[in-house]
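Q: work_29.txt is reproduced below (compact mmCIF, C-alpha atoms).
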```
# COMPACT_ATOMS: atom_id res chain seq x y z
CA MET A 1 117.49 126.90 130.87
CA SER A 2 115.47 123.86 131.88
CA PRO A 3 111.67 123.75 131.47
CA ALA A 4 111.24 124.07 135.22
CA ASP A 5 112.98 127.44 135.11
CA ASN A 6 109.95 128.86 133.31
CA ILE A 7 108.02 128.94 136.54
CA ARG A 8 108.38 131.80 139.00
CA PRO A 9 109.53 130.63 142.46
CA GLY A 10 106.74 130.90 144.95
CA SER A 11 103.98 131.39 142.40
CA LEU A 12 102.76 127.80 142.70
CA TYR A 13 104.73 126.01 145.39
CA GLY A 14 102.79 125.26 148.52
CA ALA A 15 99.54 126.44 147.00
CA VAL A 16 97.73 123.09 147.09
CA ASP A 17 95.25 122.85 149.92
CA LEU A 18 96.86 120.01 151.81
CA GLY A 19 94.03 120.03 154.31
CA ALA A 20 92.35 117.74 151.80
CA ARG A 21 95.29 115.36 151.94
CA LYS A 22 94.25 113.58 155.13
CA GLN A 23 90.72 113.13 153.81
CA ALA A 24 92.10 111.71 150.59
CA ILE A 25 94.32 109.21 152.40
CA GLU A 26 91.47 108.07 154.61
CA ALA A 27 89.11 107.70 151.65
CA GLN A 28 91.70 105.70 149.76
CA ALA A 29 92.26 103.44 152.77
CA ARG A 30 88.52 102.82 153.09
CA ARG A 31 88.21 101.90 149.43
CA GLN A 32 91.28 99.68 149.56
CA ALA A 33 89.93 97.91 152.64
CA ALA A 34 86.59 97.43 150.94
CA ALA A 35 88.26 96.02 147.84
CA ASP A 36 90.41 93.67 149.91
CA GLY A 37 87.39 92.51 151.87
CA SER A 38 85.28 91.81 148.83
CA GLY A 39 88.02 90.25 146.75
CA ASP A 40 87.49 92.83 144.02
CA ALA A 41 90.47 94.47 142.36
CA PRO A 42 90.82 98.23 142.83
CA GLU A 43 89.32 100.28 140.05
CA ALA A 44 91.86 101.03 137.36
CA ALA A 45 92.85 104.67 137.06
CA THR A 46 92.35 106.49 133.78
CA ASN A 47 95.61 108.01 132.60
CA VAL A 48 93.92 111.24 131.42
CA PHE A 49 90.93 112.74 133.19
CA ASP A 50 89.24 116.03 134.01
CA ALA A 51 89.64 117.44 137.54
CA THR A 52 87.17 119.93 139.01
CA ASP A 53 86.88 122.03 142.14
CA GLU A 54 84.62 119.34 143.62
CA THR A 55 86.77 116.33 142.69
CA PHE A 56 90.26 117.75 143.20
CA ALA A 57 90.87 116.13 146.60
CA THR A 58 89.84 112.67 145.39
CA ASP A 59 90.99 112.74 141.78
CA VAL A 60 94.28 114.59 142.25
CA ILE A 61 95.44 114.64 145.87
CA GLU A 62 94.44 111.04 146.58
CA ARG A 63 95.84 109.60 143.36
CA SER A 64 99.08 111.52 143.90
CA MET A 65 99.74 109.33 146.96
CA ARG A 66 100.48 106.47 144.54
CA VAL A 67 101.83 108.11 141.38
CA PRO A 68 102.62 111.65 140.24
CA VAL A 69 99.61 113.54 138.93
CA ILE A 70 100.34 116.20 136.33
CA LEU A 71 97.96 119.15 136.18
CA ASP A 72 97.30 120.67 132.77
CA LEU A 73 95.72 124.05 133.55
CA TRP A 74 94.07 125.40 130.41
CA ALA A 75 91.11 127.32 129.00
CA THR A 76 89.08 127.05 125.80
CA TRP A 77 90.21 130.48 124.58
CA CYS A 78 93.93 129.76 125.13
CA GLU A 79 95.68 129.05 121.83
CA PRO A 80 99.01 127.93 123.38
CA CYS A 81 97.00 125.47 125.50
CA LYS A 82 95.76 123.84 122.31
CA GLN A 83 99.38 123.25 121.31
CA LEU A 84 100.53 121.87 124.66
CA SER A 85 97.59 119.69 125.71
CA PRO A 86 97.91 117.15 122.86
CA ILE A 87 101.60 116.73 123.72
CA LEU A 88 100.77 116.02 127.34
CA GLU A 89 98.02 113.57 126.38
CA LYS A 90 100.37 111.77 124.00
CA LEU A 91 103.05 111.43 126.67
CA ALA A 92 100.48 110.28 129.24
CA ALA A 93 99.45 107.48 126.91
CA GLU A 94 103.09 106.50 126.42
CA ALA A 95 103.73 106.56 130.18
CA GLY A 96 101.31 103.68 130.70
CA GLY A 97 100.20 104.80 134.15
CA GLN A 98 103.60 105.81 135.55
CA TRP A 99 102.01 109.24 135.94
CA LEU A 100 98.49 110.56 135.41
CA LEU A 101 97.30 113.66 133.60
CA ALA A 102 94.57 115.78 135.20
CA LYS A 103 93.11 118.45 132.94
CA VAL A 104 91.76 121.57 134.69
CA ASP A 105 89.67 124.15 132.86
CA VAL A 106 90.60 127.24 134.89
CA ASP A 107 87.47 129.16 133.85
CA ALA A 108 85.15 126.38 134.99
CA ASN A 109 87.19 125.65 138.15
CA PRO A 110 88.33 128.96 139.65
CA GLN A 111 88.99 127.52 143.12
CA ILE A 112 91.82 125.32 141.84
CA SER A 113 93.49 128.07 139.85
CA GLN A 114 93.15 130.52 142.74
CA ALA A 115 94.55 128.04 145.26
CA LEU A 116 97.50 127.37 142.98
CA ARG A 117 97.93 131.09 142.28
CA VAL A 118 98.03 130.46 138.55
CA GLN A 119 99.16 133.64 136.82
CA SER A 120 99.08 132.51 133.21
CA ILE A 121 98.14 129.52 131.12
CA PRO A 122 99.03 127.00 130.04
CA THR A 123 100.57 125.98 133.34
CA VAL A 124 101.75 122.46 134.08
CA LEU A 125 102.25 121.40 137.68
CA ALA A 126 103.37 118.07 139.16
CA ILE A 127 101.61 116.87 142.33
CA PHE A 128 103.19 114.03 144.30
CA GLN A 129 102.04 112.72 147.68
CA GLY A 130 99.75 115.69 148.09
CA GLN A 131 102.37 118.35 147.38
CA ALA A 132 103.03 120.63 144.44
CA VAL A 133 106.64 119.80 143.62
CA THR A 134 107.60 121.44 140.32
CA GLY A 135 106.13 122.75 137.08
CA PHE A 136 106.44 125.08 134.12
CA GLN A 137 104.46 127.70 132.24
CA GLY A 138 103.99 128.19 128.54
CA ALA A 139 103.60 125.93 125.50
CA LEU A 140 106.95 124.19 125.28
CA PRO A 141 107.93 122.01 122.33
CA GLU A 142 107.59 118.26 122.77
CA ALA A 143 111.33 117.70 123.22
CA GLN A 144 111.47 120.07 126.18
CA VAL A 145 108.33 118.61 127.72
CA ARG A 146 109.87 115.13 127.46
CA GLN A 147 113.01 116.47 129.11
CA TRP A 148 110.95 117.90 131.98
CA PHE A 149 109.21 114.55 132.50
CA ASP A 150 112.52 112.70 132.41
CA GLN A 151 113.90 114.99 135.13
CA LEU A 152 110.77 114.62 137.24
CA MET A 153 110.64 110.84 137.03
CA GLU A 154 114.37 110.55 137.70
CA ALA A 155 113.93 112.61 140.87
CA LEU A 156 111.06 110.38 142.02
CA ALA A 157 112.45 107.06 140.81
CA GLN A 158 113.46 105.64 144.18
CA TYR A 159 110.02 106.37 145.63
CA LEU A 160 108.04 104.68 142.86
CA PRO A 161 107.74 100.97 142.07
CA PRO A 162 109.37 99.63 138.89
CA PRO A 163 107.07 99.62 135.83
CA GLY A 164 104.61 96.76 136.08
CA GLU A 165 104.69 96.54 139.86
CA GLU A 166 101.80 97.80 141.95
CA GLN A 167 102.30 100.97 143.99
CA PRO A 168 101.62 100.25 147.67
CA ALA A 169 98.59 102.02 149.07
CA ALA A 170 99.51 105.24 150.88
CA ASP A 171 98.80 105.59 154.55
CA SER A 172 99.14 108.30 157.13
CA GLU A 173 102.51 106.93 158.28
CA GLN A 174 104.11 106.99 154.83
CA PRO A 175 107.08 109.40 154.78
CA GLN A 176 106.52 112.35 152.49
CA VAL A 177 109.04 112.98 149.77
CA ASP A 178 109.98 116.35 148.34
CA PRO A 179 111.79 115.94 145.03
CA ASP A 180 113.72 119.15 145.72
CA VAL A 181 115.31 117.45 148.74
CA LEU A 182 116.32 114.56 146.49
CA ALA A 183 117.61 117.03 143.89
CA ALA A 184 119.68 118.75 146.57
CA GLU A 185 121.19 115.47 147.72
CA ARG A 186 122.04 114.57 144.14
CA ALA A 187 123.64 118.00 143.62
CA ILE A 188 125.76 117.47 146.73
CA ASP A 189 126.91 114.11 145.37
CA GLU A 190 127.89 115.90 142.16
CA GLY A 191 129.69 118.66 144.06
CA ASP A 192 127.27 121.41 142.96
CA LEU A 193 126.74 123.21 146.27
CA ASP A 194 124.99 126.19 144.67
CA ALA A 195 122.34 123.93 143.13
CA ALA A 196 121.95 122.06 146.41
CA ALA A 197 121.47 125.27 148.37
CA ALA A 198 118.95 126.56 145.84
CA ALA A 199 116.95 123.32 146.05
CA TYR A 200 116.86 123.40 149.85
CA GLU A 201 115.85 127.07 149.76
CA ARG A 202 112.93 126.20 147.48
CA VAL A 203 111.74 123.63 149.99
CA LEU A 204 112.00 126.11 152.86
CA ALA A 205 110.16 128.76 150.86
CA ARG A 206 107.24 126.34 150.61
CA SER A 207 107.63 124.69 154.01
CA PRO A 208 109.64 126.84 156.46
CA GLY A 209 109.46 124.13 159.10
CA ASP A 210 110.88 121.33 156.93
CA GLU A 211 113.65 119.91 159.12
CA ASP A 212 115.33 117.91 156.35
CA ALA A 213 115.76 121.02 154.23
CA LYS A 214 116.87 123.10 157.20
CA ILE A 215 119.52 120.52 158.13
CA GLY A 216 120.55 120.16 154.50
CA LEU A 217 120.97 123.89 153.91
CA ALA A 218 123.00 124.28 157.11
CA GLY A 219 125.12 121.33 156.01
CA VAL A 220 125.78 122.93 152.64
CA GLY A 221 126.96 126.07 154.41
CA LEU A 222 129.26 123.99 156.59
CA VAL A 223 130.78 122.22 153.59
CA ARG A 224 131.27 125.55 151.81
CA ARG A 225 133.13 127.00 154.78
CA THR A 226 135.41 123.98 155.22
CA GLN A 227 136.07 122.70 151.71
CA ASP A 228 139.34 124.62 151.33
CA LEU A 229 140.57 124.07 154.89
CA ASN A 230 143.21 121.62 156.11
CA PRO A 231 141.52 120.16 159.22
CA SER A 232 144.65 119.15 161.08
CA ASP A 233 146.30 122.50 160.40
CA VAL A 234 143.20 124.41 161.57
CA LEU A 235 142.98 122.43 164.81
CA ARG A 236 146.70 122.81 165.48
CA ARG A 237 146.63 126.58 164.98
CA ALA A 238 143.40 126.91 166.99
CA ALA A 239 145.09 125.18 169.93
CA GLU A 240 147.95 127.70 169.74
CA ARG A 241 145.75 130.81 169.31
CA ALA A 242 142.79 130.45 171.63
CA ASP A 243 141.78 134.10 171.26
CA ASP A 244 141.65 134.10 167.43
CA LEU A 245 137.89 134.27 166.87
CA GLY A 246 137.89 133.32 163.20
CA LEU A 247 140.23 130.42 163.77
CA GLN A 248 138.10 129.07 166.63
CA LEU A 249 134.99 129.20 164.42
CA GLN A 250 136.86 127.29 161.71
CA ALA A 251 138.00 124.71 164.26
CA ALA A 252 134.41 124.17 165.42
CA ASP A 253 133.33 123.70 161.80
CA VAL A 254 136.06 121.14 161.22
CA GLU A 255 135.16 119.26 164.39
CA LEU A 256 131.47 119.16 163.52
CA LEU A 257 132.16 117.97 159.98
CA SER A 258 134.27 115.13 161.38
CA GLY A 259 131.44 114.06 163.70
CA SER A 260 132.88 115.56 166.89
CA PHE A 261 129.65 117.39 167.71
CA GLU A 262 130.13 117.83 171.43
CA GLU A 263 133.70 119.07 171.00
CA ALA A 264 132.57 121.67 168.47
CA PHE A 265 129.75 122.87 170.70
CA LYS A 266 131.94 123.00 173.81
CA ARG A 267 134.56 125.03 171.95
CA LEU A 268 132.08 127.71 170.96
CA ILE A 269 130.24 127.79 174.29
CA ALA A 270 133.60 128.39 176.00
CA LEU A 271 134.21 131.16 173.49
CA VAL A 272 130.83 132.70 174.28
CA ARG A 273 131.82 132.79 177.96
CA ARG A 274 135.01 134.73 177.35
CA THR A 275 133.81 137.19 174.71
CA SER A 276 131.39 140.12 174.74
CA GLY A 277 129.58 142.53 172.46
CA ASP A 278 129.70 141.90 168.73
CA ASP A 279 132.23 139.10 169.07
CA ARG A 280 130.01 137.22 171.48
CA ASP A 281 127.00 137.63 169.20
CA LYS A 282 129.00 136.40 166.21
CA VAL A 283 129.99 133.25 168.09
CA ARG A 284 126.44 132.70 169.33
CA LEU A 285 124.98 132.95 165.82
CA HIS A 286 127.65 130.62 164.45
CA LEU A 287 126.85 128.09 167.14
CA ILE A 288 123.12 128.26 166.40
CA GLY A 289 123.96 127.67 162.74
CA LEU A 290 125.84 124.51 163.74
CA PHE A 291 122.83 123.37 165.78
CA ASP A 292 120.84 123.52 162.53
CA THR A 293 123.04 120.84 160.96
CA LEU A 294 121.54 118.24 163.33
CA PRO A 295 117.98 117.28 164.28
CA ALA A 296 116.55 119.59 166.94
CA ASP A 297 116.10 116.68 169.36
CA ASP A 298 119.63 115.35 168.97
CA PRO A 299 121.01 114.83 172.51
CA ALA A 300 124.17 116.80 171.70
CA VAL A 301 122.10 119.76 170.51
CA VAL A 302 119.72 119.65 173.48
CA LYS A 303 122.64 119.57 175.92
CA ALA A 304 124.51 122.34 174.11
CA ARG A 305 121.45 124.60 173.99
CA ARG A 306 121.17 124.35 177.77
CA SER A 307 124.86 125.13 178.15
CA LEU A 308 124.56 128.09 175.80
CA ALA A 309 121.63 129.48 177.81
CA ASN A 310 123.68 129.19 180.99
CA ALA A 311 126.63 130.90 179.33
CA LEU A 312 124.50 133.80 178.14
CA PHE A 313 122.40 134.35 181.23
```
Would you kindly transcribe this structure into structure tokens?

A:
Amino acid sequence: MSPADNIRPGSLYGAVDLGARKQAIEAQARRQAAADGSGDAPEAATNVFDATDETFATDVIERSMRVPVILDLWATWCEPCKQLSPILEKLAAEAGGQWLLAKVDVDANPQISQALRVQSIPTVLAIFQGQAVTGFQGALPEAQVRQWFDQLMEALAQYLPPPGEEQPAADSEQPQVDPDVLAAERAIDEGDLDAAAAAYERVLARSPGDEDAKIGLAGVGLVRRTQDLNPSDVLRRAAERADDLGLQLQAADVELLSGSFEEAFKRLIALVRRTSGDDRDKVRLHLIGLFDTLPADDPAVVKARRSLANALF
């Protein structure tokens, strides 16, 4: 079990008040502009600092636009916290600014702990580009904490500058990165479809409208359904057995996976026209699932949705 498995899905994800994110970006831009105009260098960030209800947007959300900010949620009465906090502070010092450590006394700052739905302490949570991305609960030994940081920084590596290079200032047009999406893509590269699906599902649990995750999860389903099929054999048999529902669905999957989007959609729309009842509904749902593998505004999807509506009504 990895350190991240110690956290209950849904207990922290999506809990950060991202309404503060826009304010943080704008404030950062104003300060950067002021620094550029005056010739002064931006104020250096302290690797370890206290975050409060009042300063959370500036100290945590804003800084997370440049580097990951790790929240250490603790309390004075918490004995396990006294074991974990020194480990985190030690690793923050070693990190040299690659990530920052924000310490949050949950008793003194109830708004943060309530927003994050913290159920027990110590809790450690990583914030990157204004989003809660992963975390763990409990006082883990140093080796496991190091492992967790290694996994986190590996997931974020392509979105962070190399050590010693300055992180570009964030702006409102900067694409937002969800490490779970990156983890899913890496799992796909490694052939671990279960891990990829789980990562995409975590994203959708936090952000149901996330199109990248929606497309990714639909794509994983498509790969699962086709990985043991012989494409040429499926298409040959589908041409011979036009009324075999299962075979036609497989043929559409094969066509879509090969990039023949319009052919796949036309096949299933034609099938919708000549079926009824449960069979028709099965084909319709399968077709909608194939739509999900492409962006909603893809011309092939837009055209096929119109054709499907005409076929149904």

Q: List the spatial neighbours of Ala264 (chain A) as a ChimeraX atom specification - criterion: any atom at most 6 Å away, all atoms listed in the file, same-chain residues fewer than 3 positions off excluded.

A: /A:252,255-256,261,267

Q: Using CA of Lys266 (chain A) and CA of Val234 (chain A) as the two end points, give the distance in Å to one decimal.

A: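 Those two atoms sit 16.7 Å apart.
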
Q: Please list as JSON, numbers by chain every residue within 9 Å of Gln250 (chain A), counting all atoms listed in the file and excluding residues in the same chain fewer than 5 positions away.

A: {"A": [225, 226, 229, 231, 234, 235, 238, 245, 255]}

Q: What would the file look like if the residues just selected were written as a CSV table (one decimal), in the coordinates of the input with C-alpha atoms?

A:
```
chain,number,residue,atom,x,y,z
A,225,ARG,CA,133.1,127.0,154.8
A,226,THR,CA,135.4,124.0,155.2
A,229,LEU,CA,140.6,124.1,154.9
A,231,PRO,CA,141.5,120.2,159.2
A,234,VAL,CA,143.2,124.4,161.6
A,235,LEU,CA,143.0,122.4,164.8
A,238,ALA,CA,143.4,126.9,167.0
A,245,LEU,CA,137.9,134.3,166.9
A,255,GLU,CA,135.2,119.3,164.4
```

Q: Give me, please, the distance in Å between CA of Ser260 (chain A) and CA of Gly216 (chain A), quoted to one decimal.

A: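 Here the two named atoms are 18.1 Å from each other.
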
Q: Rank A:Leu287, A:Ala132, A:Val220, A:Met153 by their smallest atom-to-atom distance to Val272 (chain A), using all atoms listed in the file, and report the top residue only.

A: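 Closest residue, counting all atoms listed in the file: A:Leu287.
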
Q: From (125.7, 130.2, 164.7), in the file's coordinates, out to 12 Å: which residues are reached, counting all atoms listed in the file? Answer as a compact mmCIF listing (two decimals) with C-alpha atoms, keeping the file's coordinate frame.

A:
```
# COMPACT_ATOMS: atom_id res chain seq x y z
CA ALA A 218 123.00 124.28 157.11
CA GLY A 221 126.96 126.07 154.41
CA LEU A 222 129.26 123.99 156.59
CA LEU A 249 134.99 129.20 164.42
CA GLN A 250 136.86 127.29 161.71
CA ALA A 252 134.41 124.17 165.42
CA ASP A 253 133.33 123.70 161.80
CA ALA A 264 132.57 121.67 168.47
CA PHE A 265 129.75 122.87 170.70
CA LEU A 268 132.08 127.71 170.96
CA ILE A 269 130.24 127.79 174.29
CA VAL A 272 130.83 132.70 174.28
CA ASP A 279 132.23 139.10 169.07
CA ARG A 280 130.01 137.22 171.48
CA ASP A 281 127.00 137.63 169.20
CA LYS A 282 129.00 136.40 166.21
CA VAL A 283 129.99 133.25 168.09
CA ARG A 284 126.44 132.70 169.33
CA LEU A 285 124.98 132.95 165.82
CA HIS A 286 127.65 130.62 164.45
CA LEU A 287 126.85 128.09 167.14
CA ILE A 288 123.12 128.26 166.40
CA GLY A 289 123.96 127.67 162.74
CA LEU A 290 125.84 124.51 163.74
CA PHE A 291 122.83 123.37 165.78
CA ASP A 292 120.84 123.52 162.53
CA THR A 293 123.04 120.84 160.96
CA ARG A 305 121.45 124.60 173.99
CA LEU A 308 124.56 128.09 175.80
```

Q: I need the residue nearest Thr46 (chain A) from this list: A:Leu217, A:Ala309, A:Ala95, A:Val301. Use all atoms listed in the file for the distance.

A: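 Among the listed residues, A:Ala95 lies closest to Thr46 (chain A).
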
Q: Need the shell around Pro295 (chain A): protein/DNA/RNA residues with any atom at most 10 Å away, counting all atoms listed in the file. Skip same-chain ones fewer than 3 positions apart. Format as a list in words?

A: Glu211, Asp212, Lys214, Ile215, Phe291, Asp292, Asp298, Pro299, Ala300, Val301 and Val302 of chain A
